[in-house]
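Text of start19.txt (compact mmCIF, C-alpha atoms) as supplied:
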# COMPACT_ATOMS: atom_id res chain seq x y z
CA MET A 131 -33.03 -30.91 -77.60
CA SER A 132 -29.68 -32.40 -78.63
CA LYS A 133 -26.47 -30.51 -77.94
CA ARG A 134 -24.60 -28.86 -80.77
CA ASP A 135 -21.08 -29.92 -81.57
CA PHE A 136 -18.65 -27.87 -79.45
CA TYR A 137 -16.44 -27.08 -82.45
CA ASP A 138 -19.47 -25.81 -84.36
CA VAL A 139 -20.48 -23.62 -81.41
CA LEU A 140 -17.06 -21.94 -81.50
CA GLY A 141 -16.94 -21.92 -85.30
CA VAL A 142 -13.54 -23.64 -85.49
CA GLN A 143 -12.11 -26.80 -87.03
CA LYS A 144 -11.45 -29.91 -84.96
CA GLY A 145 -7.67 -29.54 -85.14
CA SER A 146 -7.61 -25.86 -84.18
CA SER A 147 -4.88 -24.64 -81.82
CA GLY A 148 -5.47 -23.26 -78.35
CA GLY A 149 -4.84 -19.74 -79.63
CA GLU A 150 -7.45 -20.14 -82.35
CA LEU A 151 -9.95 -21.44 -79.81
CA LYS A 152 -9.35 -18.50 -77.50
CA LYS A 153 -9.65 -15.98 -80.33
CA ALA A 154 -12.95 -17.47 -81.50
CA TYR A 155 -14.28 -17.65 -77.95
CA ARG A 156 -13.34 -14.06 -77.17
CA LYS A 157 -15.14 -12.77 -80.26
CA LEU A 158 -18.37 -14.72 -79.64
CA ALA A 159 -18.36 -14.10 -75.87
CA MET A 160 -18.43 -10.37 -76.47
CA LYS A 161 -21.18 -10.80 -79.06
CA TYR A 162 -23.52 -12.89 -76.86
CA HIS A 163 -22.66 -11.39 -73.47
CA PRO A 164 -25.90 -10.79 -71.49
CA ASP A 165 -24.88 -7.23 -70.66
CA ARG A 166 -24.92 -6.48 -74.38
CA ASN A 167 -28.17 -8.35 -74.93
CA PRO A 168 -30.44 -7.59 -71.94
CA GLY A 169 -33.62 -9.67 -71.97
CA ASP A 170 -32.52 -11.70 -75.02
CA GLU A 171 -33.04 -15.35 -74.00
CA LYS A 172 -31.47 -16.66 -77.21
CA ALA A 173 -28.27 -14.68 -76.62
CA GLU A 174 -28.17 -15.94 -73.03
CA HIS A 175 -28.54 -19.53 -74.25
CA ASN A 176 -25.79 -19.02 -76.84
CA PHE A 177 -23.51 -17.54 -74.18
CA LYS A 178 -23.98 -20.52 -71.85
CA GLU A 179 -23.47 -22.92 -74.74
CA LEU A 180 -20.32 -21.05 -75.73
CA ASN A 181 -18.92 -21.21 -72.18
CA GLU A 182 -19.59 -24.92 -71.95
CA SER A 183 -17.90 -25.59 -75.29
CA TYR A 184 -14.81 -23.55 -74.52
CA GLU A 185 -14.51 -25.00 -71.00
CA VAL A 186 -14.12 -28.47 -72.55
CA LEU A 187 -12.00 -27.68 -75.59
CA LYS A 188 -9.47 -25.45 -73.82
CA ASP A 189 -8.55 -28.37 -71.52
CA GLU A 190 -6.37 -30.92 -73.32
CA GLN A 191 -7.65 -33.91 -71.33
CA LYS A 192 -11.30 -32.93 -71.66
CA ARG A 193 -10.79 -32.17 -75.33
CA ALA A 194 -9.24 -35.61 -75.93
CA ALA A 195 -12.19 -37.29 -74.19
CA TYR A 196 -14.66 -35.22 -76.20
CA ASP A 197 -12.91 -36.02 -79.50
CA GLN A 198 -13.18 -39.73 -78.71
CA TYR A 199 -16.60 -40.02 -77.07
CA GLY A 200 -18.40 -36.79 -77.90
CA HIS A 201 -20.95 -35.47 -75.39
CA ALA A 202 -21.23 -38.92 -73.83
CA ALA A 203 -17.86 -38.39 -72.17
CA PHE A 204 -19.48 -35.95 -69.71
CA GLU A 205 -23.05 -37.19 -69.36
CA GLN A 206 -22.33 -39.34 -66.27
CA SER A 207 -20.39 -36.64 -64.44
CA GLY A 208 -22.94 -33.95 -65.08
CA GLY A 209 -20.91 -32.17 -67.72
CA PRO A 210 -18.46 -29.35 -67.47
CA ARG A 211 -19.18 -26.07 -65.75
CA GLY A 212 -21.17 -23.79 -68.02
CA GLY A 213 -23.00 -20.50 -67.98
CA GLY A 214 -22.63 -17.70 -65.48
CA PHE A 215 -19.54 -15.59 -64.93
CA GLY A 216 -17.07 -18.47 -64.78
CA GLY A 217 -15.11 -20.84 -66.93
CA GLY A 218 -13.66 -19.46 -70.10
CA PHE A 219 -15.04 -15.94 -69.81
CA ALA A 220 -13.52 -15.53 -66.36
CA ASP A 221 -10.15 -16.53 -67.79
CA ILE A 222 -10.48 -13.98 -70.58
CA PHE A 223 -11.59 -11.30 -68.08
CA ASP A 224 -8.60 -12.02 -65.84
CA GLU A 225 -6.27 -11.93 -68.81
CA MET A 226 -7.52 -8.50 -69.89
CA PHE A 227 -8.00 -6.84 -66.51
CA GLY A 228 -6.21 -8.98 -63.91
CA ASP A 229 -3.05 -6.90 -63.68
CA VAL A 230 -4.97 -3.61 -63.59
CA MET A 231 -7.26 -4.81 -60.80
CA GLY A 232 -4.38 -5.98 -58.63
CA GLY A 233 -3.40 -9.41 -59.88
CA ARG A 234 -5.03 -12.74 -60.77
CA ARG A 235 -7.92 -13.99 -58.74
CA GLY A 236 -7.21 -16.19 -55.79
CA GLY A 237 -3.58 -15.10 -55.43
CA GLY A 238 -3.81 -13.88 -51.83
CA ARG A 239 -1.95 -16.63 -49.97
CA GLY A 240 0.94 -16.91 -52.41
CA ARG A 241 1.41 -13.29 -53.35
CA ALA A 242 4.69 -11.50 -52.54
CA GLN A 243 4.97 -9.32 -49.47
CA ALA A 244 5.02 -5.56 -49.92
CA ARG A 245 8.44 -4.32 -51.09
CA GLY A 246 10.00 -1.48 -49.13
CA GLN A 247 9.51 2.06 -50.39
CA ASP A 248 12.09 3.82 -52.53
CA VAL A 249 13.89 6.77 -50.93
CA ARG A 250 15.04 10.03 -52.55
CA PHE A 251 18.09 11.94 -51.29
CA ASN A 252 19.13 15.34 -52.69
CA MET A 253 22.87 16.03 -52.72
CA ASP A 254 24.86 19.13 -53.68
CA VAL A 255 28.28 18.70 -55.31
CA SER A 256 30.82 21.29 -56.41
CA LEU A 257 31.92 21.66 -60.02
CA GLU A 258 35.36 20.35 -59.03
CA ASP A 259 33.76 17.23 -57.52
CA ALA A 260 31.66 16.81 -60.65
CA TYR A 261 34.89 16.91 -62.67
CA HIS A 262 37.08 14.68 -60.51
CA GLY A 263 34.42 12.45 -58.93
CA LYS A 264 34.49 11.70 -55.21
CA LYS A 265 33.41 9.41 -52.42
CA ALA A 266 30.94 10.92 -49.99
CA THR A 267 29.40 9.70 -46.76
CA ILE A 268 25.71 10.43 -46.33
CA THR A 269 23.22 9.76 -43.54
CA ILE A 270 19.60 9.13 -44.45
CA PRO A 271 16.52 8.49 -42.29
CA SER A 272 15.56 4.84 -42.74
CA SER A 273 13.97 1.90 -40.97
CA ALA A 274 15.18 -1.42 -39.64
CA SER A 275 13.58 -4.63 -38.47
CA CYS A 276 12.28 -4.32 -34.92
CA VAL A 277 14.55 -6.19 -32.47
CA SER A 278 11.80 -6.71 -29.89
CA CYS A 279 9.50 -8.67 -32.18
CA LYS A 280 12.13 -9.75 -34.75
CA GLY A 281 10.13 -7.99 -37.45
CA THR A 282 6.88 -9.93 -36.99
CA GLY A 283 4.97 -7.01 -35.47
CA GLY A 284 3.54 -9.28 -32.77
CA LYS A 285 4.36 -9.08 -29.07
CA ASP A 286 7.42 -11.17 -28.12
CA GLY A 287 7.85 -12.19 -31.75
CA ALA A 288 4.40 -13.78 -32.14
CA SER A 289 3.47 -14.49 -35.73
CA PRO A 290 0.42 -12.77 -37.26
CA ASP A 291 -2.81 -14.77 -37.43
CA THR A 292 -4.72 -15.59 -40.56
CA CYS A 293 -7.40 -13.00 -41.20
CA GLY A 294 -10.81 -14.39 -40.30
CA THR A 295 -12.63 -12.18 -42.80
CA CYS A 296 -10.83 -13.25 -45.96
CA GLY A 297 -9.29 -16.49 -44.75
CA GLY A 298 -5.81 -15.24 -45.58
CA ASP A 299 -6.67 -14.48 -49.18
CA GLY A 300 -6.34 -10.71 -48.71
CA LYS A 301 -9.42 -10.12 -50.84
CA VAL A 302 -13.16 -10.28 -50.44
CA ARG A 303 -15.66 -10.79 -53.24
CA SER A 304 -19.21 -9.63 -53.65
CA GLN A 305 -21.78 -10.28 -56.34
CA GLN A 306 -23.10 -7.23 -58.19
CA GLY A 307 -25.60 -8.41 -60.73
CA PHE A 308 -23.83 -10.52 -63.30
CA PHE A 309 -20.32 -9.58 -62.14
CA THR A 310 -18.21 -10.68 -59.19
CA VAL A 311 -16.38 -7.69 -57.71
CA GLU A 312 -13.10 -8.27 -55.86
CA ARG A 313 -11.72 -5.82 -53.28
CA ALA A 314 -8.95 -5.70 -50.69
CA CYS A 315 -10.08 -7.13 -47.38
CA PRO A 316 -11.14 -4.29 -45.05
CA SER A 317 -10.04 -6.20 -41.94
CA CYS A 318 -6.41 -6.87 -42.89
CA GLY A 319 -5.92 -4.25 -45.62
CA GLY A 320 -5.10 -6.96 -48.15
CA ALA A 321 -2.29 -8.52 -46.11
CA GLY A 322 -4.20 -11.73 -45.40
CA ARG A 323 -2.96 -11.67 -41.81
CA VAL A 324 -3.75 -9.69 -38.66
CA ILE A 325 -1.79 -8.94 -35.50
CA LYS A 326 -3.97 -9.45 -32.44
CA ASP A 327 -1.38 -8.38 -29.84
CA PRO A 328 0.97 -5.78 -31.40
CA CYS A 329 4.57 -5.27 -30.32
CA GLY A 330 4.90 -2.30 -27.96
CA GLU A 331 8.17 -1.14 -29.54
CA CYS A 332 7.07 -0.88 -33.18
CA ARG A 333 3.27 -0.89 -32.58
CA GLY A 334 2.77 -3.79 -34.94
CA ALA A 335 4.70 -2.34 -37.87
CA GLY A 336 7.63 -4.74 -37.52
CA LEU A 337 9.93 -1.80 -38.30
CA VAL A 338 11.52 1.01 -36.29
CA ARG A 339 13.05 4.28 -37.47
CA LYS A 340 16.84 4.24 -37.68
CA ASP A 341 19.30 6.45 -39.52
CA LYS A 342 21.54 4.77 -42.08
CA THR A 343 25.05 5.88 -43.03
CA LEU A 344 26.29 5.03 -46.53
CA GLU A 345 29.35 5.72 -48.64
CA VAL A 346 28.42 6.95 -52.11
CA THR A 347 30.72 7.08 -55.14
CA ILE A 348 30.17 10.11 -57.37
CA PRO A 349 31.62 9.27 -60.81
CA PRO A 350 33.55 11.90 -62.82
CA GLY A 351 31.44 13.89 -65.29
CA VAL A 352 28.11 13.98 -63.45
CA GLU A 353 25.78 16.82 -64.40
CA ASP A 354 23.06 18.75 -62.63
CA GLY A 355 20.12 16.35 -62.22
CA THR A 356 22.16 13.14 -62.53
CA ARG A 357 20.48 10.30 -60.63
CA ILE A 358 22.41 7.56 -58.83
CA ARG A 359 20.52 4.39 -57.84
CA LEU A 360 21.61 2.22 -54.91
CA SER A 361 19.66 -1.02 -55.09
CA GLY A 362 18.25 -2.30 -51.80
CA GLU A 363 19.27 0.77 -49.78
CA GLY A 364 15.76 2.21 -49.49
CA GLU A 365 13.12 1.44 -46.86
CA THR A 366 13.17 -2.04 -45.31
CA GLY A 367 10.36 -4.29 -46.56
CA MET A 368 7.65 -5.64 -44.28
CA ASN A 369 7.90 -9.26 -43.10
CA SER A 370 11.30 -9.94 -44.71
CA ALA A 371 10.19 -8.51 -48.06
CA PRO A 372 12.90 -6.94 -50.27
CA ALA A 373 14.01 -3.42 -49.41
CA GLY A 374 13.34 -0.49 -51.73
CA ASP A 375 16.01 1.44 -53.61
CA LEU A 376 17.80 4.69 -52.76
CA TYR A 377 17.88 7.37 -55.47
CA ILE A 378 20.43 10.16 -55.05
CA PHE A 379 19.70 13.26 -57.14
CA LEU A 380 22.75 15.47 -57.69
CA SER A 381 22.73 19.25 -57.93
CA VAL A 382 25.96 20.88 -59.16
CA THR A 383 26.48 24.20 -57.40
CA PRO A 384 27.45 27.34 -59.40
CA HIS A 385 31.18 28.03 -59.70
CA ARG A 386 32.89 31.37 -59.00
CA LEU A 387 34.95 31.24 -62.23
CA PHE A 388 33.52 28.74 -64.69
CA GLN A 389 30.14 28.38 -66.34
CA ARG A 390 29.21 24.94 -67.63
CA ASP A 391 27.43 23.97 -70.82
CA GLY A 392 27.39 20.19 -71.08
CA ALA A 393 31.02 19.10 -71.22
CA ASN A 394 32.33 22.60 -72.10
CA LEU A 395 33.40 25.32 -69.70
CA TYR A 396 33.29 29.09 -70.26
CA MET A 397 35.38 31.73 -68.47
CA ARG A 398 35.95 35.47 -68.93
CA ALA A 399 39.54 36.71 -68.85
CA PHE A 400 40.08 40.42 -68.11
CA ILE A 401 43.09 41.85 -69.95
CA SER A 402 44.51 45.36 -69.88
CA MET A 403 44.08 47.79 -72.73
CA THR A 404 47.83 47.69 -73.25
CA ALA A 405 47.94 43.86 -73.41
CA ALA A 406 45.05 43.88 -75.87
CA ALA A 407 46.85 46.42 -78.09
CA LEU A 408 50.41 45.06 -77.87
CA GLY A 409 49.68 41.38 -77.31
CA GLY A 410 51.29 39.13 -74.72
CA ASP A 411 50.83 36.01 -72.64
CA ILE A 412 48.42 35.44 -69.75
CA GLU A 413 47.90 32.47 -67.42
CA VAL A 414 44.41 31.19 -66.70
CA PRO A 415 43.27 28.46 -64.25
CA THR A 416 41.75 25.16 -65.36
CA ILE A 417 39.12 23.02 -63.66
CA GLU A 418 41.59 20.31 -62.66
CA GLY A 419 43.47 22.88 -60.55
CA GLY A 420 46.33 23.70 -62.90
CA LYS A 421 47.20 26.65 -65.12
CA VAL A 422 47.49 27.11 -68.86
CA ARG A 423 49.30 29.87 -70.78
CA VAL A 424 47.34 31.71 -73.49
CA SER A 425 48.95 33.98 -76.09
CA ILE A 426 47.00 37.18 -76.71
CA PRO A 427 47.51 38.47 -80.29
CA LYS A 428 48.18 42.14 -81.04
CA GLY A 429 44.99 44.14 -81.42
CA CYS A 430 42.88 41.57 -79.51
CA GLN A 431 39.29 42.83 -79.29
CA ASN A 432 36.80 42.67 -76.49
CA GLY A 433 34.80 39.40 -76.64
CA HIS A 434 37.40 37.43 -78.59
CA GLN A 435 37.18 33.71 -77.80
CA PHE A 436 39.97 31.17 -77.40
CA ARG A 437 39.16 27.45 -77.44
CA LEU A 438 41.38 25.33 -75.21
CA ARG A 439 40.90 21.76 -76.42
CA GLY A 440 40.38 19.08 -73.78
CA LYS A 441 40.37 21.54 -70.88
CA GLY A 442 36.67 21.22 -70.13
CA MET A 443 34.67 18.68 -68.08
CA ASN A 444 35.02 14.93 -68.09
CA VAL A 445 32.17 13.13 -69.82
CA LEU A 446 30.23 10.69 -67.65
CA ARG A 447 31.22 7.05 -68.25
CA SER A 448 33.57 8.06 -71.08
CA THR A 449 37.22 8.93 -71.66
CA ALA A 450 36.17 12.00 -73.66
CA ARG A 451 36.56 15.52 -72.31
CA GLY A 452 35.05 18.84 -73.29
CA ASP A 453 36.76 22.13 -74.14
CA MET A 454 37.32 25.35 -72.25
CA LEU A 455 36.28 28.56 -73.99
CA LEU A 456 38.05 31.71 -72.84
CA GLU A 457 36.42 35.05 -73.66
CA THR A 458 38.44 38.25 -73.35
CA SER A 459 37.14 41.35 -71.65
CA VAL A 460 39.34 44.40 -72.31
CA GLU A 461 39.65 46.47 -69.18
CA VAL A 462 39.21 50.24 -69.55
CA PRO A 463 41.43 51.99 -66.97
CA VAL A 464 39.83 54.12 -64.24
CA ASN A 465 41.16 56.49 -61.53
CA LEU A 466 43.90 57.78 -63.82
CA THR A 467 46.71 59.97 -62.54
CA SER A 468 47.57 63.28 -64.20
CA LYS A 469 50.57 61.68 -65.89
CA GLN A 470 48.42 58.82 -67.28
CA LYS A 471 45.84 61.25 -68.60
CA GLU A 472 48.56 63.26 -70.29
CA LEU A 473 49.98 60.13 -71.94
CA LEU A 474 46.54 59.05 -73.17
CA ARG A 475 45.86 62.47 -74.67
CA ALA A 476 49.22 62.30 -76.44
CA PHE A 477 48.31 58.87 -77.72
CA GLU A 478 44.95 60.19 -78.96
CA GLU A 479 46.68 63.00 -80.85
CA GLU A 480 48.99 60.51 -82.54
CA SER A 481 46.13 58.11 -83.47
CA ASP A 482 44.34 58.01 -86.82
CA GLU A 483 42.08 55.61 -88.66
CA LYS A 484 44.99 53.22 -89.19
CA THR A 485 44.90 52.33 -85.50
CA PHE A 486 41.18 51.49 -85.62
CA SER A 487 40.07 47.87 -85.62
CA PRO A 488 38.25 46.47 -88.70
CA GLU A 489 34.98 46.53 -86.74
CA ALA A 490 35.50 50.20 -85.86
CA HIS A 491 36.27 51.02 -89.52
CA SER A 492 33.09 49.28 -90.61
CA PHE A 493 31.03 51.12 -88.00
CA LEU A 494 32.45 54.56 -88.94
CA ASN A 495 31.75 53.92 -92.63
CA LYS A 496 28.15 53.03 -91.85
CA VAL A 497 27.72 56.19 -89.80
CA LYS A 498 29.24 58.29 -92.59
CA THR A 499 26.91 56.74 -95.17
CA PHE A 500 23.92 57.28 -92.90
CA PHE A 501 24.54 61.02 -92.59
CA GLU A 502 25.24 61.38 -96.32
CA ASP A 503 21.92 59.70 -97.14
CA PHE A 504 20.12 61.80 -94.54
CA SER A 505 21.44 65.13 -95.95
CA ARG A 506 20.25 64.43 -99.52
Could you spell out this file's structure in structure tokens?
Amino acid sequence: MSKRDFYDVLGVQKGSSGGELKKAYRKLAMKYHPDRNPGDEKAEHNFKELNESYEVLKDEQKRAAYDQYGHAAFEQSGGPRGGGFGGGFADIFDEMFGDVMGGRRGGGRGRAQARGQDVRFNMDVSLEDAYHGKKATITIPSSASCVSCKGTGGKDGASPDTCGTCGGDGKVRSQQGFFTVERACPSCGGAGRVIKDPCGECRGAGLVRKDKTLEVTIPPGVEDGTRIRLSGEGETGMNSAPAGDLYIFLSVTPHRLFQRDGANLYMRAFISMTAAALGGDIEVPTIEGGKVRVSIPKGCQNGHQFRLRGKGMNVLRSTARGDMLLETSVEVPVNLTSKQKELLRAFEEESDEKTFSPEAHSFLNKVKTFFEDFSR
């Protein structure tokens, strides 16, 4: 039985691009795959024919030879690889699942060594430090290359041997029906190398525990939960692999005076009943350590807010600054002397509705209306 034209098998034109070939192959490979057509000899034949066609046409040199000589170009050499779980379908399978399954096939010898682990460090900072920024020295548990074996893990610096199970590939393969299953080598754990005589100092790890001291810059304006990344300051990598990163998570501690909301600060200011009634000036602290004078108007009520522009927190990586909101709390006097009580009673006798605040007037009118409605 004569072979069909490879372009006809794939259903493409002779001048089709590589992308068009792959798209056509992918569609037909899924259609005729033996797992989807168990016991169907025609589908199996079509699948093998499809693999053979794509194996030739995807290769520029083979495709050029086929375009010039047809099937005769491969009759002496036995033809291209066809059928089975290989060739074009393996390429498509690797493309779709290679990264998920741990990388392309056959990448054991040339794959990168394991990068060091990232490290997390929790750090408390005061609100003042969050405003000004600071430099801090921290000590973290870390690891360093073993001096005894120079990081090889072998006794006296001996280099690891190639794993005899996987031949240094780091992976072993087994056939399960139609599929080839690839797993990490159980002998070397996927490293591709084994240490026959481990170093007594690091027990073959190539690393030893060692604290690390670092100077960290806290920028102005950081907030609770801000994360600072120090590249390459994490755990040391195995066998000269790159180190991991250090992540510092900041927690801003509560302040005794100020409450923070983003870039704004809130503070309560207690003022005397006399100052609230007559007005006056008070001095309040600011987060940068200074003072600011605030004028209290006559008849200032409890809960009145003053906005002090630009007296709040610095904004991270910006020249902007938040505001400070000052809320008054009118202090009611306690532990009065006889003279003070007498003066307050005299004041009460001299008071009338004209001395009431607008809010008090509104409240009294509502109460009056309520009782009038209730008595009807």
Practice prompt. List every protein, DNA or RNA residue with an atom no more than 12 Å from (-11.2, -22.2, -84.0) in the file's coordinates, counting only C-alpha atoms, and format the result as a PyMOL selection string.
Written response: chain A and resi 136-158+183-184+187-188
Fill in: Shell of 8 Å around Ala274 in chain A, all atoms listed in the file, local chain residues under 6 positions omitted, as a ChimeraX atom specification
/A:337-340,366
Practice prompt. Could you tell me which of A:Pro488, A:Gly355, A:Gly442, A:Pro350 comes closest to Met253 in chain A if we count only C-alpha atoms?
Written response: A:Gly355
Worksheet entry | Atomic separation - CA of Arg250 in chain A relative to CA of Tyr377 in chain A, Å |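 Atom-to-atom, CA of Tyr377 in chain A to CA of Arg250 in chain A, that is 4.9 Å.
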Worksheet item: Near range 264-272 of chain A, within 9 Å and counting all atoms listed in the file, which residues show up once chain neighbours fewer than 4 positions away are dropped, as a list in words?
Response: Val249, Phe251, Met253, Asp259, Ala260, Val338, Arg339, Lys340, Asp341, Lys342, Thr343, Leu344, Glu345, Val346, Thr347, Ile348, Pro349, Pro350, Glu363, Gly364, Glu365 and Thr366 of chain A
Using all atoms listed in the file, which protein or nucleic acid residues come within 12 Å of Tyr196 in chain A? Drop anything in the same chain fewer than 2 positions from it, and give the result as a short mmCIF file (atom, residue, chain, number, x, y, z; two decimals) with C-alpha atoms, in the frame of the given file.
data_model
loop_
_atom_site.label_atom_id
_atom_site.label_comp_id
_atom_site.auth_asym_id
_atom_site.auth_seq_id
_atom_site.Cartn_x
_atom_site.Cartn_y
_atom_site.Cartn_z
CA ASP A 135 -21.08 -29.92 -81.57
CA PHE A 136 -18.65 -27.87 -79.45
CA TYR A 137 -16.44 -27.08 -82.45
CA LYS A 144 -11.45 -29.91 -84.96
CA SER A 183 -17.90 -25.59 -75.29
CA TYR A 184 -14.81 -23.55 -74.52
CA GLU A 185 -14.51 -25.00 -71.00
CA VAL A 186 -14.12 -28.47 -72.55
CA LEU A 187 -12.00 -27.68 -75.59
CA LYS A 188 -9.47 -25.45 -73.82
CA ASP A 189 -8.55 -28.37 -71.52
CA GLU A 190 -6.37 -30.92 -73.32
CA GLN A 191 -7.65 -33.91 -71.33
CA LYS A 192 -11.30 -32.93 -71.66
CA ARG A 193 -10.79 -32.17 -75.33
CA ALA A 194 -9.24 -35.61 -75.93
CA GLN A 198 -13.18 -39.73 -78.71
CA TYR A 199 -16.60 -40.02 -77.07
CA GLY A 200 -18.40 -36.79 -77.90
CA HIS A 201 -20.95 -35.47 -75.39
CA ALA A 202 -21.23 -38.92 -73.83
CA ALA A 203 -17.86 -38.39 -72.17
CA PHE A 204 -19.48 -35.95 -69.71
CA GLU A 205 -23.05 -37.19 -69.36
CA GLY A 209 -20.91 -32.17 -67.72
CA PRO A 210 -18.46 -29.35 -67.47
#
Discussion item. Would you pick out the contacts of Arg359 in chain A at 8 Å or less, using only C-alpha atoms, so that residues sharing its chain but fewer than 3 positions from it are not included, and give the list as a list in words?
Written reply: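 Residues near the query, excluding close chain neighbours: Asp375, Leu376, Tyr377 and Ile378 of chain A.
From CA of Asn444 in chain A back to CA of Ser256 in chain A, the distance works out to 13.9 Å.
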Fill in: Straight-line distance linking CA of Lys484 in chain A with CA of Asn432 in chain A, stated in Å to one decimal
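So the two atoms, CA of Lys484 in chain A and CA of Asn432 in chain A, lie 18.4 Å apart.
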Worksheet item: With distances taken over only C-alpha atoms, which of A:Pro328, A:Gly374, A:Pro415, A:Gly351 is nearest to Ser448 in chain A?
Response: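 For Ser448 in chain A, the nearest of the given residues is A:Gly351.
Shortest separation to Met443 in chain A among A:Glu418, A:Glu489, A:Glu331, A:Glu461 occurs at residue A:Glu418, atoms counted being only C-alpha atoms.
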Using 5 Å of padding on each side, determine the axis-aligned box around all atoms of range 369-385 of chain A present in the file and give its centre and edge lengths in Å to one decimal, as AutoDock Vina command-line options.
--center_x 19.5 --center_y 9.0 --center_z -51.4 --size_x 33.3 --size_y 48.0 --size_z 26.6
Kindly write N, CA, C and O atoms of range 356-369 of chain A from the structure just given to a file, as a tab-separated table (two decimals), in the first residue's frame.
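Dumped everything to part.tsv:
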chain	number	residue	atom	x	y	z
A	356	THR	N	3.89	46.63	55.76
A	356	THR	CA	4.82	46.92	54.66
A	356	THR	C	5.89	45.83	54.60
A	356	THR	O	6.40	45.38	55.63
A	357	ARG	N	6.22	45.41	53.38
A	357	ARG	CA	7.22	44.35	53.19
A	357	ARG	C	8.45	44.93	52.50
A	357	ARG	O	8.34	45.62	51.48
A	358	ILE	N	9.61	44.66	53.07
A	358	ILE	CA	10.88	45.09	52.48
A	358	ILE	C	11.63	43.85	52.01
A	358	ILE	O	11.80	42.89	52.77
A	359	ARG	N	12.08	43.85	50.75
A	359	ARG	CA	12.77	42.70	50.18
A	359	ARG	C	14.26	43.01	50.01
A	359	ARG	O	14.63	44.02	49.41
A	360	LEU	N	15.10	42.14	50.57
A	360	LEU	CA	16.54	42.23	50.40
A	360	LEU	C	16.99	41.06	49.55
A	360	LEU	O	17.03	39.91	50.01
A	361	SER	N	17.30	41.34	48.29
A	361	SER	CA	17.65	40.28	47.35
A	361	SER	C	18.96	39.60	47.73
A	361	SER	O	19.95	40.26	48.06
A	362	GLY	N	18.95	38.27	47.72
A	362	GLY	CA	20.16	37.49	47.97
A	362	GLY	C	20.58	37.40	49.42
A	362	GLY	O	21.66	36.89	49.72
A	363	GLU	N	19.72	37.86	50.35
A	363	GLU	CA	20.06	37.81	51.77
A	363	GLU	C	19.32	36.70	52.49
A	363	GLU	O	19.27	36.67	53.72
A	364	GLY	N	18.71	35.78	51.75
A	364	GLY	CA	18.03	34.65	52.36
A	364	GLY	C	18.99	33.49	52.58
A	364	GLY	O	20.20	33.68	52.76
A	365	GLU	N	18.46	32.26	52.54
A	365	GLU	CA	19.29	31.09	52.75
A	365	GLU	C	20.29	30.91	51.60
A	365	GLU	O	19.97	31.16	50.44
A	366	THR	N	21.49	30.46	51.93
A	366	THR	CA	22.51	30.17	50.93
A	366	THR	C	22.08	28.99	50.07
A	366	THR	O	21.53	28.01	50.58
A	367	GLY	N	22.31	29.07	48.76
A	367	GLY	CA	21.94	27.98	47.86
A	367	GLY	C	22.92	26.82	47.94
A	367	GLY	O	24.08	26.98	48.33
A	368	MET	N	22.44	25.65	47.56
A	368	MET	CA	23.29	24.46	47.57
A	368	MET	C	24.21	24.48	46.36
A	368	MET	O	23.82	24.87	45.26
A	369	ASN	N	25.46	24.02	46.56
A	369	ASN	CA	26.41	23.86	45.47
A	369	ASN	C	26.57	25.13	44.64
A	369	ASN	O	26.43	25.12	43.41
